[in-house]
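Asks: Handing you this structure, nothing more for now.
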Amino acid sequence: MKTPFYVTTPIYYVNDNPHIGHAYTTILADVLARYHRNEGDEVFFLTGLDEHGQKVQQAAQKRGVPEQQHCDELAPRFSDLWKKLEIQNDDFIRTTEPRHIKAVQAALQKVYDAGDVYTDEYEGWYSVAEERFITDTEKDSGHFRDVKKLKERNYFFKMSKYQQKLIDYINAHPEFIQPEHRKNEVLGFLRQPLGDLCISRPKSRMGWGIEIPFDKEYVTYVWFDALINYITASGYLVDEKEFKKWWPASVHLIGKDILTTHAVYWPTMLFSLGLPLPKTIFAHGWWLIGETKMSKSLGNVVDPLSLVDQYGVDPVRYYLMREMVLGQDANFTMESFIKRYNSDLANDFGNLLNRVSGLIGKYFDGCVPKEGQAWAPDKEIRKVADGLAKNIEELINGMRVHEALEQVLVLIRNTNVYMEHQAPWKEAKENLERAGTILYTATEALRVSAILLLPVMPAKANTVLEILGAVGTEPCWGQLKAGAKLQSHDALFPRLDAEGKVITKS
Ligand code: MSP
């Protein structure tokens, strides 16, 4: 049975320089999408850009170009990066597209007609830098720049009306907000009375947004615009059949910085629209750079493009997926990148390929030998490899991506140890059939591992499968054909020195 799997990333601010944090969420979504596709599920993977708001307007004005042109010129920095990172998204939504404007206006009209929108005058401290009203305490903290008193009539969404309904929903659906500590954080937040949400800006002050259908003097602002993207792209009010198929989304992947907007604002908006809530909102942690937050002013922003240009896309994807425990913060350092690369990719994965292809070349004319009678150590490898796909599926569905990778690497490592112990190069001199069985076993374990690594390292894992002449992507034992001719190849992951330079053999 094919199950629809709909995965989203946040839509990134078009003005930002894409960095390793954006790349992380998008690669994670891609990895989940690829696992599900390989399992035969129907997948819809959405990412995109958030293009309205004051910052975009100001940046465009500064450059002296119309806002839309500014967005059009900046958008490829993200879409080109996704190509380089081998991201296979099914859609790329930009909030300035007509399809999105229509969906936002229809949604606004719906919540308005449901009686969930009212207008009110508000006077308070406004931070121009943060683009929001701040509380007196926040103002007194001195952390906010460009603060001024502002009196303004605006539209508000009755978020407070849905507070109890949301609390009940969260309690009844333990899988809705993950990981569990984030769920508790949201429930804690909901212990305080929930305010209503300001959803407009007067055009006179900020015009770069979507016009409110029931008042042409206003545009809607930030979250009421951005969050709707998840339903726009799945066919809301345009293609009922499609929408029914994909909505509710299976998982919204987000960083912990936008938990409240996704786990409080968005569900209350959906309640008002009469739509079901996404099955899971999963908040991951932050990538820190040597223990500190990444920021432009600190000059420590990691550019994923230069990493990919230097080391190739697969090691970058692997490192990000292996190093972060989903839900917790992780620390990016070049040392740990080089270490992971050398140990897992060069010494374990690459080395196993080198060994089996070298020995099969030497003793079997480069053709996969027959799997003869299996001894206990062969059976052990076979048992683990055969059961691995099932374990991986469970770990991936439980959002334990780093553990799933570790399990594949354990098989690879154990197969390297098995080779040492069984020493097929010695057996080859006395018992060629036994050497063949050992090499078949090790090669088949490598094939199964490569298949299970495909979603994370699509290029290199595929290269391995091509070298092995493996047809199909079945991760169960025994698919490797005896007699298949191995292709010659270079080192899969040439080792790096401490500075990260490729070590070339002299
Ligand atoms: N436009 C909003 C989201 C709207 S979604 C309806 C936004 N955009 S953003 O460009 O600031 O991107 C935020 C997302 O980028 C985070 O939620 C996270 O997914 C990712 N990351 C940004 N910095 C990050 C790290 N340092 N580490 C990990 N991911 C982080 O907020």
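Here, A, B, ... name the chains of the structure tokens in the order displayed, residue numbers run from 1 inside each chain, and ligands are numbered from 1 in the same displayed order.
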According to DSSP computed on the backbone, where in segment 11-260 of chain A is there helix (DSSP H, G or I)? Give the residues as JSON, numbers by chain.
Replies: {"A": [20, 21, 22, 23, 24, 25, 26, 27, 28, 29, 30, 31, 32, 33, 34, 35, 36, 37, 38, 54, 55, 56, 57, 58, 59, 60, 61, 62, 63, 67, 68, 69, 70, 71, 72, 73, 74, 75, 76, 77, 78, 79, 80, 81, 82, 83, 84, 98, 99, 100, 101, 102, 103, 104, 105, 106, 107, 108, 109, 110, 111, 112, 113, 136, 137, 138, 139, 140, 159, 160, 161, 162, 163, 164, 165, 166, 167, 168, 169, 170, 171, 172, 180, 181, 182, 183, 184, 185, 186, 187, 188, 189, 223, 224, 225, 226, 229, 230, 231, 232, 240, 241, 242, 243, 244, 245, 246, 256, 257, 258, 259, 260]}
Asks: Let me see the file: selected residues, C-alpha atoms, as an mmCIF file, in the first residue's frame.
Replies:
```cif
data_model
loop_
_atom_site.group_PDB
_atom_site.id
_atom_site.type_symbol
_atom_site.label_atom_id
_atom_site.label_comp_id
_atom_site.auth_asym_id
_atom_site.auth_seq_id
_atom_site.Cartn_x
_atom_site.Cartn_y
_atom_site.Cartn_z
ATOM 1 C CA ILE A 20 24.657 25.549 6.827
ATOM 2 C CA GLY A 21 21.523 25.819 9.038
ATOM 3 C CA HIS A 22 19.220 26.264 6.037
ATOM 4 C CA ALA A 23 21.104 23.513 4.219
ATOM 5 C CA TYR A 24 20.670 21.191 7.187
ATOM 6 C CA THR A 25 16.866 21.375 7.361
ATOM 7 C CA THR A 26 16.567 20.980 3.612
ATOM 8 C CA ILE A 27 18.944 17.994 3.454
ATOM 9 C CA LEU A 28 17.062 16.366 6.322
ATOM 10 C CA ALA A 29 13.769 16.768 4.458
ATOM 11 C CA ASP A 30 15.423 15.369 1.340
ATOM 12 C CA VAL A 31 16.754 12.352 3.222
ATOM 13 C CA LEU A 32 13.300 11.575 4.650
ATOM 14 C CA ALA A 33 11.719 12.062 1.218
ATOM 15 C CA ARG A 34 14.242 9.709 -0.401
ATOM 16 C CA TYR A 35 13.774 6.996 2.246
ATOM 17 C CA HIS A 36 10.040 7.136 1.753
ATOM 18 C CA ARG A 37 10.331 7.077 -2.056
ATOM 19 C CA ASN A 38 12.601 4.050 -1.807
ATOM 20 C CA GLN A 54 9.848 45.170 5.717
ATOM 21 C CA LYS A 55 13.380 43.825 5.441
ATOM 22 C CA VAL A 56 12.873 42.785 1.825
ATOM 23 C CA GLN A 57 11.263 46.145 1.063
ATOM 24 C CA GLN A 58 14.141 48.038 2.657
ATOM 25 C CA ALA A 59 16.802 45.938 0.945
ATOM 26 C CA ALA A 60 15.134 46.456 -2.433
ATOM 27 C CA GLN A 61 14.869 50.208 -1.834
ATOM 28 C CA LYS A 62 18.507 50.349 -0.855
ATOM 29 C CA ARG A 63 19.454 48.714 -4.127
ATOM 30 C CA GLU A 67 10.798 44.479 -4.643
ATOM 31 C CA GLN A 68 9.753 41.724 -7.019
ATOM 32 C CA GLN A 69 12.888 42.139 -9.081
ATOM 33 C CA HIS A 70 14.946 42.048 -5.899
ATOM 34 C CA CYS A 71 13.309 38.739 -4.907
ATOM 35 C CA ASP A 72 13.663 37.292 -8.395
ATOM 36 C CA GLU A 73 17.354 38.095 -8.354
ATOM 37 C CA LEU A 74 17.963 36.613 -4.914
ATOM 38 C CA ALA A 75 15.823 33.465 -5.134
ATOM 39 C CA PRO A 76 18.309 31.452 -7.248
ATOM 40 C CA ARG A 77 20.874 31.586 -4.444
ATOM 41 C CA PHE A 78 18.643 29.086 -2.652
ATOM 42 C CA SER A 79 17.333 27.088 -5.603
ATOM 43 C CA ASP A 80 20.855 26.757 -7.075
ATOM 44 C CA LEU A 81 22.219 25.614 -3.728
ATOM 45 C CA TRP A 82 19.515 22.949 -3.503
ATOM 46 C CA LYS A 83 20.596 21.617 -6.899
ATOM 47 C CA LYS A 84 24.194 21.463 -5.752
ATOM 48 C CA PRO A 98 -0.005 34.459 -7.658
ATOM 49 C CA ARG A 99 -1.054 30.970 -6.471
ATOM 50 C CA HIS A 100 0.070 31.831 -2.958
ATOM 51 C CA ILE A 101 -1.443 35.314 -2.940
ATOM 52 C CA LYS A 102 -4.793 33.771 -3.935
ATOM 53 C CA ALA A 103 -4.598 31.120 -1.197
ATOM 54 C CA VAL A 104 -3.685 33.660 1.508
ATOM 55 C CA GLN A 105 -6.510 35.973 0.493
ATOM 56 C CA ALA A 106 -9.009 33.114 0.431
ATOM 57 C CA ALA A 107 -7.843 31.962 3.859
ATOM 58 C CA LEU A 108 -8.073 35.477 5.277
ATOM 59 C CA GLN A 109 -11.590 35.839 3.928
ATOM 60 C CA LYS A 110 -12.537 32.499 5.516
ATOM 61 C CA VAL A 111 -11.302 33.378 9.000
ATOM 62 C CA TYR A 112 -12.911 36.809 8.631
ATOM 63 C CA ASP A 113 -16.252 35.250 7.649
ATOM 64 C CA ASP A 136 7.742 47.608 28.214
ATOM 65 C CA THR A 137 10.072 45.055 29.782
ATOM 66 C CA GLU A 138 11.636 44.310 26.423
ATOM 67 C CA LYS A 139 12.122 48.011 25.797
ATOM 68 C CA ASP A 140 13.713 48.493 29.230
ATOM 69 C CA MET A 159 -6.021 33.174 18.508
ATOM 70 C CA SER A 160 -7.080 33.205 22.155
ATOM 71 C CA LYS A 161 -10.401 31.621 21.224
ATOM 72 C CA TYR A 162 -8.596 28.372 20.337
ATOM 73 C CA GLN A 163 -6.261 28.119 23.315
ATOM 74 C CA GLN A 164 -8.103 25.343 25.166
ATOM 75 C CA LYS A 165 -8.832 23.425 21.980
ATOM 76 C CA LEU A 166 -5.123 23.468 21.151
ATOM 77 C CA ILE A 167 -4.106 22.305 24.629
ATOM 78 C CA ASP A 168 -6.579 19.428 24.414
ATOM 79 C CA TYR A 169 -5.358 18.532 20.946
ATOM 80 C CA ILE A 170 -1.706 18.455 21.988
ATOM 81 C CA ASN A 171 -2.516 16.269 24.967
ATOM 82 C CA ALA A 172 -4.530 13.870 22.850
ATOM 83 C CA GLU A 180 8.816 15.530 23.615
ATOM 84 C CA HIS A 181 10.689 18.361 25.359
ATOM 85 C CA ARG A 182 9.446 20.767 22.677
ATOM 86 C CA LYS A 183 5.890 19.587 23.283
ATOM 87 C CA ASN A 184 6.331 20.375 26.976
ATOM 88 C CA GLU A 185 7.738 23.774 26.090
ATOM 89 C CA VAL A 186 4.640 24.584 24.038
ATOM 90 C CA LEU A 187 2.307 23.327 26.780
ATOM 91 C CA GLY A 188 4.228 25.520 29.224
ATOM 92 C CA PHE A 189 3.770 28.519 26.954
ATOM 93 C CA TRP A 223 3.037 34.549 9.691
ATOM 94 C CA PHE A 224 -0.440 34.701 8.229
ATOM 95 C CA ASP A 225 1.288 34.919 4.883
ATOM 96 C CA ALA A 226 4.212 32.518 5.394
ATOM 97 C CA ASN A 229 2.470 28.188 2.032
ATOM 98 C CA TYR A 230 2.072 24.637 3.328
ATOM 99 C CA ILE A 231 -1.514 24.485 2.111
ATOM 100 C CA THR A 232 -1.047 26.613 -1.018
ATOM 101 C CA GLU A 240 -9.556 19.419 -3.992
ATOM 102 C CA LYS A 241 -8.405 15.909 -4.881
ATOM 103 C CA GLU A 242 -4.734 16.760 -4.580
ATOM 104 C CA PHE A 243 -5.327 18.651 -1.370
ATOM 105 C CA LYS A 244 -7.183 15.739 0.185
ATOM 106 C CA LYS A 245 -4.373 13.446 -0.789
ATOM 107 C CA TRP A 246 -1.574 15.512 0.749
ATOM 108 C CA LYS A 256 13.574 25.351 17.359
ATOM 109 C CA ASP A 257 13.572 29.122 16.698
ATOM 110 C CA ILE A 258 10.169 28.949 15.005
ATOM 111 C CA LEU A 259 8.429 26.505 17.318
ATOM 112 C CA THR A 260 5.763 28.860 18.691
#
```
Asks: Just the strand (DSSP E) stuff from segment 4-236 of chain A, please, per backbone DSSP, written as a ChimeraX atom specification.
Replies: /A:4-13,42-50,91-94,117-127,132-134,147-157,177-178,197-198,200-202,210-212,215-220
Asks: Restricting the calculation to only C-alpha atoms, which member of A:Met206, A:Gly255, A:Lys426, A:Ala484 is positioned closest to Gln328 of chain A?
Replies: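 For Gln328 of chain A, the nearest of the given residues is A:Gly255.
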Asks: Of the candidates A:Thr96, A:Asn342, A:Gln407, A:Thr8, which one gets nearest to ligand 1 if we count only C-alpha atoms and all ligand atoms?
Replies: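 The answer is A:Thr8, which sits nearest to ligand 1.
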Asks: For ligand 1, which residue out of A:Tyr13, A:Trp375, A:Phe349, A:Phe364 is the nearest one, using only C-alpha atoms and all ligand atoms?
Replies: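 Checking each of A:Tyr13, A:Trp375, A:Phe349, A:Phe364 against ligand 1, counting only C-alpha atoms and all ligand atoms, the winner is A:Tyr13.
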Asks: Could you check the closest approach to ligand 1 for each of A:His19, A:Arg201, A:Lys370, A:Lys379 and tell me which residue wins, using only C-alpha atoms and all ligand atoms?
Replies: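 That would be A:His19, the residue with the smallest distance to ligand 1.
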Asks: List the neighbours of Glu403 of chain A out to 9 Å using only C-alpha atoms; skip same-chain residues closer than 5 positions along the sequence, and give me the result as a compact mmCIF listing (two decimals) with C-alpha atoms, in the first residue's frame.
Replies:
```txt
# COMPACT_ATOMS: atom_id res chain seq x y z
CA ARG A 322 25.39 11.81 11.25
CA VAL A 325 21.25 14.16 17.26
CA ILE A 392 16.59 1.52 9.48
CA LEU A 395 14.77 4.50 13.11
CA ILE A 396 13.96 6.85 10.23
CA VAL A 408 24.81 0.96 8.62
```
Asks: What separation in Å, quoted to one decimal, exists between atom CA of Leu411 of chain A and atom CA of Glu323 of chain A?
Replies: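 These atoms are spaced 18.3 Å apart.
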Asks: Nearest to ligand 1 among A:Pro18, A:Pro475, A:Pro4, A:Pro202, with distances taken over only C-alpha atoms and all ligand atoms: which residue is it?
Replies: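 Counting only C-alpha atoms and all ligand atoms, the residue closest to ligand 1 is A:Pro18.
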Asks: Measuring atom to atom with only C-alpha atoms and all ligand atoms, identify which of A:Ala233, A:Met294, A:Ile210, A:Ile177 is nearest to ligand 1.
Replies: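 Between A:Ala233, A:Met294, A:Ile210, A:Ile177, the residue approaching ligand 1 most closely is A:Met294.
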Asks: What gap, in Å, lies between atom CA of Phe271 of chain A and atom CA of Asp116 of chain A?
Replies: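 Between atom CA of Phe271 of chain A and atom CA of Asp116 of chain A the gap is 10.6 Å.
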Asks: As a VMD selection string, please: the residues near Tyr363 of chain A (cut-off 9 Å, only C-alpha atoms, same-chain neighbours under 3 positions excluded).
Replies: chain A and resid 358 to 360 366 425 428 432 435 to 436
Asks: For Phe144 of chain A, find every residue with an atom within 10 Å (counting only C-alpha atoms), except residues of its own chain fewer than 3 positions away, and show them as a list in words.
Replies: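 Using only C-alpha atoms, the neighbours found are Tyr126, Ser127, Val128, Ala129, Glu130, Ile134, Glu138, Lys139, Asp140, Ser141 and Val147 of chain A.
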Asks: Those selected residues, please, written with C-alpha atoms and delivered as a CSV table (one decimal), in the first residue's frame.
Replies:
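Final file, again.csv:
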```csv
chain,number,residue,atom,x,y,z
A,126,TYR,CA,7.7,49.4,18.2
A,127,SER,CA,11.1,48.1,17.3
A,128,VAL,CA,11.9,48.9,13.7
A,129,ALA,CA,14.8,46.5,13.7
A,130,GLU,CA,12.6,43.6,14.9
A,134,ILE,CA,7.7,45.0,22.0
A,138,GLU,CA,11.6,44.3,26.4
A,139,LYS,CA,12.1,48.0,25.8
A,140,ASP,CA,13.7,48.5,29.2
A,141,SER,CA,16.1,45.6,28.5
A,147,VAL,CA,12.5,51.8,19.2
```
